>>> print(open('input_3.csv').read())   # CSV, C-alpha atoms and all ligand atoms
chain,number,residue,atom,x,y,z
D,25,MET,CA,-18.3,3.8,20.0
D,26,SER,CA,-14.5,4.0,19.6
D,27,SER,CA,-12.5,1.6,17.5
D,28,SER,CA,-11.3,-0.3,20.7
D,29,ASP,CA,-15.0,-0.8,21.8
D,30,ARG,CA,-15.7,-2.1,18.3
D,31,PHE,CA,-12.7,-4.4,18.4
D,32,GLY,CA,-14.0,-5.5,21.8
D,33,TYR,CA,-17.1,-6.9,20.1
D,34,GLU,CA,-14.8,-8.7,17.7
D,35,TRP,CA,-12.6,-10.3,20.4
D,36,ASP,CA,-15.6,-11.2,22.5
D,37,THR,CA,-17.1,-13.0,19.5
D,38,TYR,CA,-13.9,-14.6,18.2
D,39,SER,CA,-12.4,-15.4,21.5
D,40,PHE,CA,-11.2,-18.9,20.9
D,41,MET,CA,-7.6,-20.0,19.9
D,42,ASP,CA,-7.2,-21.5,16.5
D,43,GLU,CA,-4.3,-23.6,15.2
D,44,ASN,CA,-3.8,-21.1,12.3
D,45,TYR,CA,-2.9,-18.4,14.8
D,46,GLU,CA,0.5,-19.9,15.4
D,47,ARG,CA,1.3,-19.7,11.7
D,48,GLN,CA,0.0,-16.1,11.7
D,49,PHE,CA,2.1,-15.1,14.6
D,50,ARG,CA,5.2,-16.6,13.1
D,51,ASN,CA,4.4,-14.7,9.9
D,52,TRP,CA,3.9,-11.4,11.7
D,53,THR,CA,7.0,-11.8,13.8
D,54,ASP,CA,9.4,-13.0,11.1
D,55,PRO,CA,12.5,-13.1,11.4
D,56,LEU,CA,12.1,-13.8,15.2
D,57,THR,CA,12.1,-17.5,16.1
D,58,GLU,CA,11.0,-19.3,19.2
D,59,ALA,CA,14.5,-18.9,20.7
D,60,ASP,CA,14.1,-15.1,20.6
D,61,PHE,CA,11.1,-15.3,23.0
D,62,LYS,CA,12.6,-17.9,25.4
D,63,GLY,CA,13.3,-16.6,28.9
D,64,LYS,CA,12.5,-13.0,27.8
D,65,THR,CA,10.4,-10.3,29.5
D,66,ILE,CA,7.9,-9.3,26.9
D,67,LEU,CA,5.3,-6.7,26.3
D,68,ASP,CA,2.3,-7.3,23.9
D,69,ALA,CA,0.7,-3.9,23.3
D,70,GLY,CA,-3.0,-4.0,22.2
D,71,CYS,CA,-3.3,-7.7,22.9
D,72,GLY,CA,-6.9,-8.2,21.9
D,73,MET,CA,-8.0,-11.6,23.1
D,74,GLY,CA,-4.4,-12.6,23.8
D,75,ARG,CA,-3.8,-14.9,20.8
D,76,ASN,CA,-0.3,-13.4,20.1
D,77,SER,CA,0.8,-13.4,23.8
D,78,TYR,CA,0.0,-17.2,23.8
D,79,TRP,CA,2.9,-18.4,21.6
D,80,PRO,CA,5.8,-16.7,23.5
D,81,LEU,CA,4.3,-18.0,26.7
D,82,LYS,CA,4.1,-21.5,25.2
D,83,TRP,CA,7.7,-21.2,23.9
D,84,GLY,CA,9.1,-20.4,27.3
D,85,ALA,CA,9.0,-16.7,27.7
D,86,GLY,CA,10.1,-15.5,31.2
D,87,LYS,CA,7.1,-13.2,31.5
D,88,VAL,CA,4.6,-11.7,29.1
D,89,VAL,CA,2.7,-8.5,30.1
D,90,SER,CA,-0.3,-8.0,27.8
D,91,PHE,CA,-2.6,-5.0,27.7
D,92,ASP,CA,-5.5,-3.6,25.8
D,93,LEU,CA,-7.7,-0.6,26.2
D,94,ASP,CA,-11.0,-2.5,25.9
D,95,GLU,CA,-12.5,-4.3,28.9
D,96,ARG,CA,-14.0,-7.2,26.9
D,97,SER,CA,-10.8,-7.8,25.1
D,98,VAL,CA,-8.9,-7.9,28.4
D,99,LYS,CA,-11.4,-10.3,29.9
D,100,ARG,CA,-11.0,-12.6,26.9
D,101,ALA,CA,-7.2,-12.3,27.1
D,102,ARG,CA,-7.4,-13.4,30.7
D,103,GLU,CA,-9.3,-16.5,29.7
D,104,THR,CA,-6.9,-17.3,26.7
D,105,LEU,CA,-3.8,-17.0,29.0
D,106,LYS,CA,-5.2,-18.4,32.2
D,107,ASP,CA,-2.9,-21.5,32.2
D,108,PHE,CA,0.3,-19.4,32.3
D,109,SER,CA,1.4,-18.2,35.8
D,110,ASN,CA,3.9,-15.9,34.1
D,111,SER,CA,1.3,-13.9,32.2
D,112,GLU,CA,0.2,-10.5,33.4
D,113,ILE,CA,-2.8,-8.7,31.8
D,114,ALA,CA,-3.8,-5.1,32.2
D,115,GLN,CA,-6.5,-2.8,30.9
D,116,LYS,CA,-4.8,0.4,29.8
D,117,SER,CA,-4.1,2.7,26.8
D,118,ILE,CA,-0.9,2.5,24.9
D,119,TYR,CA,-0.8,6.3,25.4
D,120,GLU,CA,-0.6,5.9,29.2
D,121,ILE,CA,1.8,3.0,29.7
D,122,ASP,CA,4.4,4.0,32.2
D,123,TRP,CA,6.8,1.0,32.2
D,124,GLN,CA,10.4,2.2,31.8
D,125,GLU,CA,13.4,0.1,30.8
D,126,THR,CA,11.4,-3.1,31.7
D,127,PHE,CA,11.2,-5.3,28.7
D,128,ASP,CA,13.6,-7.3,26.5
D,129,LEU,CA,11.1,-7.3,23.7
D,130,ALA,CA,8.0,-5.2,23.1
D,131,PHE,CA,5.7,-6.1,20.2
D,132,SER,CA,2.5,-4.8,18.8
D,133,ILE,CA,0.6,-6.5,16.0
D,134,GLY,CA,-2.2,-4.9,14.1
D,135,VAL,CA,-2.6,-1.9,16.4
D,136,ILE,CA,-0.4,1.1,15.5
D,137,HIS,CA,-2.1,1.7,12.1
D,138,HIS,CA,-5.4,2.1,14.0
D,139,LEU,CA,-4.1,4.9,16.2
D,140,LYS,CA,-4.6,8.7,15.9
D,141,GLU,CA,-1.2,9.3,17.4
D,142,PRO,CA,1.0,6.4,16.3
D,143,LYS,CA,4.3,8.0,17.0
D,144,LYS,CA,3.4,8.8,20.6
D,145,ALA,CA,2.4,5.1,21.0
D,146,LEU,CA,5.8,4.0,19.5
D,147,GLN,CA,7.7,6.3,21.8
D,148,ASN,CA,5.9,4.8,24.8
D,149,MET,CA,6.7,1.3,23.7
D,150,VAL,CA,10.4,2.2,23.2
D,151,ARG,CA,10.5,3.8,26.7
D,152,SER,CA,9.3,0.5,28.1
D,153,LEU,CA,12.3,-1.4,26.6
D,154,LYS,CA,15.6,-2.0,28.3
D,155,LYS,CA,18.6,-0.6,26.5
D,156,GLY,CA,19.3,-2.8,23.5
D,157,GLY,CA,15.9,-4.4,23.8
D,158,THR,CA,13.9,-5.3,20.7
D,159,LEU,CA,10.9,-3.6,19.2
D,160,LEU,CA,8.7,-5.4,16.8
D,161,VAL,CA,5.7,-3.9,15.1
D,162,TRP,CA,3.4,-5.2,12.3
D,163,VAL,CA,1.3,-2.7,10.4
D,164,TYR,CA,-0.8,-2.8,7.2
D,165,SER,CA,1.2,-2.1,4.0
D,166,LEU,CA,-0.1,0.0,1.2
D,167,GLU,CA,2.1,-2.0,-1.2
D,168,GLY,CA,0.1,-5.1,-2.3
D,169,ASN,CA,-3.1,-3.7,-0.7
D,170,GLU,CA,-3.7,-0.6,-2.9
D,171,TRP,CA,-7.3,-1.8,-3.6
D,172,ILE,CA,-8.2,-1.5,0.1
D,173,PRO,CA,-7.7,2.3,0.5
D,174,ARG,CA,-9.3,2.7,-2.9
D,175,PHE,CA,-12.4,0.6,-2.6
D,176,VAL,CA,-12.9,-0.4,1.1
D,177,ASP,CA,-11.9,2.8,2.8
D,178,PRO,CA,-14.7,4.9,1.5
D,179,VAL,CA,-17.3,2.3,2.7
D,180,ARG,CA,-15.5,1.9,6.0
D,181,LYS,CA,-15.0,5.6,6.7
D,182,ASN,CA,-18.5,6.8,5.6
D,183,ILE,CA,-20.7,3.9,6.4
D,184,THR,CA,-19.5,0.8,8.3
D,185,SER,CA,-17.4,2.5,11.0
D,186,LYS,CA,-20.6,4.5,11.9
D,187,LEU,CA,-23.1,1.6,12.0
D,188,PRO,CA,-23.8,-0.5,15.1
D,189,VAL,CA,-21.1,-3.1,15.2
D,190,SER,CA,-23.6,-6.0,15.3
D,191,VAL,CA,-25.1,-4.7,12.0
D,192,VAL,CA,-21.6,-4.6,10.5
D,193,HIS,CA,-21.0,-8.1,11.6
D,194,THR,CA,-24.0,-9.3,9.6
D,195,LEU,CA,-23.1,-7.0,6.6
D,196,SER,CA,-19.6,-8.5,6.6
D,197,TYR,CA,-21.1,-11.7,5.0
D,198,LEU,CA,-21.4,-9.6,1.8
D,199,CYS,CA,-17.6,-9.5,1.7
D,200,SER,CA,-16.6,-12.7,3.4
D,201,VAL,CA,-18.7,-15.1,1.3
D,202,PRO,CA,-17.4,-13.9,-2.1
D,203,LEU,CA,-13.8,-13.7,-0.6
D,204,TRP,CA,-14.1,-17.2,0.8
D,205,ALA,CA,-15.4,-18.6,-2.5
D,206,PHE,CA,-12.6,-16.7,-4.4
D,207,VAL,CA,-9.7,-17.9,-2.3
D,208,LYS,CA,-11.0,-21.5,-2.2
D,209,ILE,CA,-11.3,-21.6,-6.0
D,210,PHE,CA,-8.2,-19.8,-7.0
D,211,LYS,CA,-5.9,-20.4,-4.0
D,212,GLY,CA,-4.2,-17.1,-4.9
D,213,PRO,CA,-3.2,-15.0,-6.8
D,214,THR,CA,-1.1,-13.5,-3.9
D,215,SER,CA,0.7,-15.3,-1.1
D,216,TYR,CA,-1.7,-13.7,1.3
D,217,MET,CA,-4.7,-15.0,-0.6
D,218,LYS,CA,-3.1,-18.4,-0.7
D,219,GLN,CA,-2.8,-18.3,3.1
D,220,LEU,CA,-6.4,-17.2,3.4
D,221,SER,CA,-7.5,-20.2,1.3
D,222,THR,CA,-6.3,-22.5,4.1
D,223,PHE,CA,-8.4,-20.7,6.8
D,224,ASP,CA,-11.9,-21.8,7.9
D,225,PHE,CA,-14.9,-19.6,6.8
D,226,TRP,CA,-15.3,-18.0,10.3
D,227,HIS,CA,-11.7,-16.8,10.2
D,228,ILE,CA,-12.2,-15.2,6.8
D,229,HIS,CA,-15.4,-13.7,8.1
D,230,SER,CA,-13.6,-12.2,11.1
D,231,ILE,CA,-10.9,-10.7,8.9
D,232,ALA,CA,-13.6,-9.1,6.6
D,233,PHE,CA,-15.4,-7.8,9.8
D,234,ASP,CA,-12.1,-6.5,11.2
D,235,GLN,CA,-11.6,-4.4,8.1
D,236,LEU,CA,-15.0,-2.7,8.3
D,237,ILE,CA,-15.2,-1.7,11.9
D,238,PRO,CA,-12.5,0.8,12.9
D,239,ASP,CA,-12.7,4.5,12.4
D,240,VAL,CA,-8.9,4.7,11.7
D,241,ALA,CA,-7.1,2.2,9.5
D,242,ASN,CA,-3.9,3.4,7.8
D,243,TYR,CA,-2.3,1.5,4.9
D,244,TRP,CA,1.2,2.9,4.9
D,245,SER,CA,3.8,2.8,2.2
D,246,LYS,CA,7.4,1.8,3.2
D,247,ASP,CA,8.5,5.4,3.0
D,248,GLN,CA,5.7,6.4,5.4
D,249,VAL,CA,6.7,3.7,7.8
D,250,LYS,CA,10.3,4.9,7.6
D,251,GLU,CA,9.2,8.4,8.5
D,252,LEU,CA,7.0,7.1,11.4
D,253,PHE,CA,10.0,5.3,12.9
D,254,SER,CA,12.4,8.3,12.5
D,255,ASP,CA,13.4,10.5,15.4
D,256,ILE,CA,12.7,7.7,17.9
D,257,ASP,CA,15.4,6.4,20.2
D,258,LEU,CA,16.1,3.4,17.9
D,259,LYS,CA,18.9,1.8,15.9
D,260,ASP,CA,19.2,-1.0,13.4
D,261,VAL,CA,15.7,-0.3,12.1
D,262,SER,CA,14.6,-2.9,9.5
D,263,ILE,CA,11.3,-2.6,7.5
D,264,LYS,CA,10.4,-5.8,5.7
D,265,MET,CA,7.4,-7.6,4.3
D,266,PRO,CA,6.4,-10.8,6.1
D,267,PRO,CA,6.6,-14.2,4.2
D,268,ASN,CA,2.9,-13.9,3.2
D,269,GLY,CA,3.7,-10.5,1.5
D,270,SER,CA,1.1,-8.5,3.4
D,271,GLY,CA,2.0,-5.7,5.9
D,272,TRP,CA,5.3,-4.3,7.1
D,273,ILE,CA,7.3,-5.8,10.0
D,274,VAL,CA,9.5,-3.3,11.6
D,275,THR,CA,12.2,-4.5,14.0
D,276,ALA,CA,14.6,-2.3,15.8
D,277,LYS,CA,16.8,-2.1,18.9
D,278,LYS,CA,16.5,0.6,21.6
D,279,LYS,CA,19.6,2.8,21.6
D,301,LIG,C1,-6.9,-5.3,15.2
D,301,LIG,S1,-6.9,-5.5,17.0
D,301,LIG,C2,-5.4,-6.4,17.2
D,301,LIG,C3,-5.4,-7.2,18.5
D,301,LIG,C4,-4.2,-8.1,18.6
D,301,LIG,N1,-2.9,-7.4,18.6
D,301,LIG,C5,-4.2,-9.2,17.6
D,301,LIG,O1,-3.4,-9.2,16.7
D,301,LIG,O2,-5.0,-10.2,17.8
D,301,LIG,C6,-6.4,-3.9,17.6
D,301,LIG,C7,-6.4,-3.8,19.1
D,301,LIG,O3,-5.9,-2.6,19.5
D,301,LIG,C8,-6.5,-2.2,20.7
D,301,LIG,N2,-6.4,-0.8,20.9
D,301,LIG,C9,-6.9,0.3,20.2
D,301,LIG,N3,-6.5,1.4,20.7
D,301,LIG,C10,-5.7,1.2,21.8
D,301,LIG,C11,-5.1,2.0,22.8
D,301,LIG,N4,-5.1,3.3,22.7
D,301,LIG,N5,-4.4,1.3,23.7
D,301,LIG,C12,-4.3,0.0,23.8
D,301,LIG,N6,-5.0,-0.8,22.9
D,301,LIG,C13,-5.7,-0.2,21.9
D,301,LIG,C14,-8.0,-2.6,20.4
D,301,LIG,O4,-8.8,-2.6,21.6
D,301,LIG,C15,-7.8,-3.9,19.7
D,301,LIG,O5,-7.8,-5.0,20.6
>>> encode(input="input_3.csv", output="structure tokens", more="lines below")
Ligand SMILES: C[S@@+](CC[C@H](N)C(=O)[O-])C[C@H]1O[C@@H](n2cnc3c(N)ncnc32)[C@H](O)[C@@H]1O
Amino acid sequence: MSSSDRFGYEWDTYSFMDENYERQFRNWTDPLTEADFKGKTILDAGCGMGRNSYWPLKWGAGKVVSFDLDERSVKRARETLKDFSNSEIAQKSIYEIDWQETFDLAFSIGVIHHLKEPKKALQNMVRSLKKGGTLLVWVYSLEGNEWIPRFVDPVRKNITSKLPVSVVHTLSYLCSVPLWAFVKIFKGPTSYMKQLSTFDFWHIHSIAFDQLIPDVANYWSKDQVKELFSDIDLKDVSIKMPPNGSGWIVTAKKK
């Protein structure tokens, strides 16, 4: 089973919209604001169940095209976005997208660090942008998360990414229960942990599960992200941490 199949199980299980998703989306897309989505033609690459396409549509995007490789995710995205007539959803791989000079804004949240060929995916996204269009990508950061490659990766790579996904879902309680108790008691120590302390248990469980299922999960340093975005048809590349201090937000314009 590939990572996208395994994520398909996740999005099929956690297919409902939650009020915290708006806060998450604003965090992952900082410094963009509602006005940056209004009237724009937008691509959401690797959309999962569509939770990130939802907010631009709600804020008045002209059109949002969302796609994912996994069939169950696409089905759930169709349900999430069913009330928006300007939403278009497709099942396809980021390696095969063939839109050219189509979008004002192309974003991808939590996808590129799971890919075996991230640069190829980025090049395809950039090709889909109009000249001067905006690219926004959120990926895992090594900085602030050093403990994950150290302690979680060996378990993920050698055990949980190979086990049946339903078994991993149950095993995830071993992580989510202590994590939930920790963040509820300490409400920190990091901004990200503080944010987690405001989430319901199921949300923390889904995050723990999400960490354990993929076969590829790269936690990149800022320098590695800089390298990844070099030699691509981009200008004004900015690499910043989001307000909650976890991950890298890369924004850039197509040359
Ligand atoms: C961690 S999930 C993030 C989903 C969504 N962006 C979100 O934040 O809710 C990663 C997603 O990338 C999708 N994905 C993985 N490989 C892909 C590929 N080659 N093309 C398109 N989507 C892919 C998976 O199916 C999964 O839905």
>>> residues_around(input="input_3.csv", residues="Gln48 (chain D)", least_positions_apart="3", cutoff="12 Å", atoms="only C-alpha atoms", output="list of chain:residue names")
D:Met41, D:Asp42, D:Glu43, D:Asn44, D:Tyr45, D:Asn51, D:Trp52, D:Thr53, D:Asp54, D:Arg75, D:Asn76, D:Trp79, D:Ile133, D:Gly134, D:Trp162, D:Tyr216, D:Gln219, D:Leu220, D:Thr222, D:Phe223, D:His227, D:Pro266, D:Pro267, D:Asn268, D:Ser270
>>> closest_residue(input="input_3.csv", among="D:Phe91, D:Phe108, D:Trp226, D:Phe253", to="ligand LIG 301 (chain D)", atoms="all atoms listed in the file")
D:Phe91
>>> atom_distance(input="input_3.csv", atom1="CA of Ser254 (chain D)", atom2="CA of Gln124 (chain D)")
20.3 Å
>>> closest_residue(input="input_3.csv", among="D:Pro188, D:Pro142, D:Gly212, D:Gly84", to="Val240 (chain D)", atoms="all atoms listed in the file")
D:Pro142
>>> closest_residue(input="input_3.csv", among="D:Glu112, D:Glu58, D:Asp122, D:Glu141", to="ligand LIG 301 (chain D)", atoms="all atoms listed in the file")
D:Glu141
>>> closest_residue(input="input_3.csv", among="D:Val176, D:Cys71, D:Leu166, D:Leu236", to="ligand LIG 301 (chain D)", atoms="all atoms listed in the file")
D:Cys71
>>> closest_atom_pairs(input="input_3.csv", of="chain D", to="ligand LIG 301 (chain D)", cutoff="8 Å", atoms="all atoms listed in the file", output="CSV")
residue,atom,partner,partner_atom,distance
D:Ser27,CA,D:LIG301,C9,6.4
D:Ser28,CA,D:LIG301,O4,3.5
D:Asp29,CA,D:LIG301,O4,6.5
D:Arg30,CA,D:LIG301,O4,7.7
D:Phe31,CA,D:LIG301,C15,5.1
D:Gly32,CA,D:LIG301,O4,6.0
D:Trp35,CA,D:LIG301,O5,7.2
D:Asp68,CA,D:LIG301,N1,7.4
D:Ala69,CA,D:LIG301,C12,6.4
D:Gly70,CA,D:LIG301,N6,3.8
D:Cys71,CA,D:LIG301,N1,4.3
D:Gly72,CA,D:LIG301,O5,3.6
D:Met73,CA,D:LIG301,O2,6.2
D:Gly74,CA,D:LIG301,O2,6.5
D:Arg75,CA,D:LIG301,O2,5.7
D:Asn76,CA,D:LIG301,O2,6.1
D:Phe91,CA,D:LIG301,C12,6.6
D:Asp92,CA,D:LIG301,N6,4.1
D:Leu93,CA,D:LIG301,C12,4.2
D:Asp94,CA,D:LIG301,O4,4.8
D:Ser97,CA,D:LIG301,O5,6.1
D:Gln115,CA,D:LIG301,C12,7.9
D:Lys116,CA,D:LIG301,C12,6.0
D:Ser117,CA,D:LIG301,N5,3.4
D:Ile118,CA,D:LIG301,N5,3.9
D:Tyr119,CA,D:LIG301,N4,5.9
D:Ser132,CA,D:LIG301,N1,6.0
D:Ile133,CA,D:LIG301,N1,4.5
D:Gly134,CA,D:LIG301,C2,4.7
D:Val135,CA,D:LIG301,C6,4.5
D:Ile136,CA,D:LIG301,O3,7.7
D:His138,CA,D:LIG301,C9,6.6
D:Leu139,CA,D:LIG301,N3,6.2
D:Ala145,CA,D:LIG301,N4,7.9
D:Asp234,CA,D:LIG301,C1,6.7
>>> atom_distance(input="input_3.csv", atom1="CA of Ser39 (chain D)", atom2="CA of His193 (chain D)")
15.0 Å
>>> closest_residue(input="input_3.csv", among="D:Lys181, D:Lys87, D:Lys208, D:Lys99", to="Ile66 (chain D)", atoms="all atoms listed in the file")
D:Lys87
>>> residues_around(input="input_3.csv", residues="Trp272 (chain D)", least_positions_apart="6", cutoff="9 Å", atoms="all atoms listed in the file", output="count of residues only")
14
>>> closest_residue(input="input_3.csv", among="D:Phe49, D:Trp171, D:Phe40, D:Phe131", to="Thr65 (chain D)", atoms="all atoms listed in the file")
D:Phe131
>>> atom_distance(input="input_3.csv", atom1="CA of Ile209 (chain D)", atom2="CA of Phe225 (chain D)")
13.4 Å
>>> axis_aligned_box(input="input_3.csv", around="region 257-267 of chain D", padding_each_side="8 Å", output="AutoDock Vina command-line options")
--center_x 12.8 --center_y -3.9 --center_z 12.2 --size_x 28.8 --size_y 36.6 --size_z 32.0
>>> residues_near_point(input="input_3.csv", point="(16.5, 8.4, 17.9)", cutoff="12 Å", atoms="all atoms listed in the file", output="PDB file with C-alpha atoms, in the frame of the given file")
ATOM      1  CA  LEU D 146       5.800   4.000  19.500  1.00  0.00           C
ATOM      2  CA  GLN D 147       7.700   6.300  21.800  1.00  0.00           C
ATOM      3  CA  VAL D 150      10.400   2.200  23.200  1.00  0.00           C
ATOM      4  CA  ARG D 151      10.500   3.800  26.700  1.00  0.00           C
ATOM      5  CA  GLU D 251       9.200   8.400   8.500  1.00  0.00           C
ATOM      6  CA  LEU D 252       7.000   7.100  11.400  1.00  0.00           C
ATOM      7  CA  PHE D 253      10.000   5.300  12.900  1.00  0.00           C
ATOM      8  CA  SER D 254      12.400   8.300  12.500  1.00  0.00           C
ATOM      9  CA  ASP D 255      13.400  10.500  15.400  1.00  0.00           C
ATOM     10  CA  ILE D 256      12.700   7.700  17.900  1.00  0.00           C
ATOM     11  CA  ASP D 257      15.400   6.400  20.200  1.00  0.00           C
ATOM     12  CA  LEU D 258      16.100   3.400  17.900  1.00  0.00           C
ATOM     13  CA  LYS D 259      18.900   1.800  15.900  1.00  0.00           C
ATOM     14  CA  ASP D 260      19.200  -1.000  13.400  1.00  0.00           C
ATOM     15  CA  VAL D 261      15.700  -0.300  12.100  1.00  0.00           C
ATOM     16  CA  ALA D 276      14.600  -2.300  15.800  1.00  0.00           C
ATOM     17  CA  LYS D 277      16.800  -2.100  18.900  1.00  0.00           C
ATOM     18  CA  LYS D 278      16.500   0.600  21.600  1.00  0.00           C
ATOM     19  CA  LYS D 279      19.600   2.800  21.600  1.00  0.00           C
TER      20      LYS D 279
END
>>> residues_around(input="input_3.csv", residues="Phe206 (chain D)", least_positions_apart="4", cutoff="12 Å", atoms="all atoms listed in the file", output="MDAnalysis selection string")
chainID D and resid 199:202 210:214 217:218 220:221 225 228
>>> decode(input="input_3.csv", residues="region 52-63 of chain D", atoms="N, CA and C atoms", output="mmCIF file, in the first residue's frame")
data_model
loop_
_atom_site.group_PDB
_atom_site.id
_atom_site.type_symbol
_atom_site.label_atom_id
_atom_site.label_comp_id
_atom_site.auth_asym_id
_atom_site.auth_seq_id
_atom_site.Cartn_x
_atom_site.Cartn_y
_atom_site.Cartn_z
ATOM 1 N N TRP D 52 -0.837 27.878 8.200
ATOM 2 C CA TRP D 52 -0.015 27.276 7.141
ATOM 3 C C TRP D 52 0.167 28.211 5.939
ATOM 4 N N THR D 53 -0.727 29.187 5.795
ATOM 5 C CA THR D 53 -0.653 30.058 4.612
ATOM 6 C C THR D 53 -0.218 31.487 4.963
ATOM 7 N N ASP D 54 0.172 31.709 6.216
ATOM 8 C CA ASP D 54 0.713 33.008 6.603
ATOM 9 C C ASP D 54 1.907 33.321 5.679
ATOM 10 N N PRO D 55 2.062 34.476 5.123
ATOM 11 C CA PRO D 55 1.421 35.759 5.377
ATOM 12 C C PRO D 55 0.206 36.044 4.483
ATOM 13 N N LEU D 56 -0.301 35.066 3.732
ATOM 14 C CA LEU D 56 -1.472 35.351 2.892
ATOM 15 C C LEU D 56 -2.688 35.628 3.794
ATOM 16 N N THR D 57 -3.566 36.460 3.293
ATOM 17 C CA THR D 57 -4.796 36.760 4.039
ATOM 18 C C THR D 57 -5.978 36.433 3.120
ATOM 19 N N GLU D 58 -7.175 36.571 3.653
ATOM 20 C CA GLU D 58 -8.386 36.270 2.870
ATOM 21 C C GLU D 58 -8.362 37.012 1.526
ATOM 22 N N ALA D 59 -7.883 38.260 1.546
ATOM 23 C CA ALA D 59 -7.898 39.091 0.332
ATOM 24 C C ALA D 59 -7.034 38.471 -0.773
ATOM 25 N N ASP D 60 -5.993 37.732 -0.376
ATOM 26 C CA ASP D 60 -5.093 37.125 -1.377
ATOM 27 C C ASP D 60 -5.765 35.979 -2.138
ATOM 28 N N PHE D 61 -6.888 35.467 -1.626
ATOM 29 C CA PHE D 61 -7.576 34.348 -2.286
ATOM 30 C C PHE D 61 -8.772 34.834 -3.107
ATOM 31 N N LYS D 62 -9.275 36.012 -2.724
ATOM 32 C CA LYS D 62 -10.510 36.541 -3.326
ATOM 33 C C LYS D 62 -10.382 36.708 -4.834
ATOM 34 N N GLY D 63 -11.310 36.132 -5.562
ATOM 35 C CA GLY D 63 -11.370 36.297 -7.011
ATOM 36 C C GLY D 63 -10.310 35.514 -7.775
#
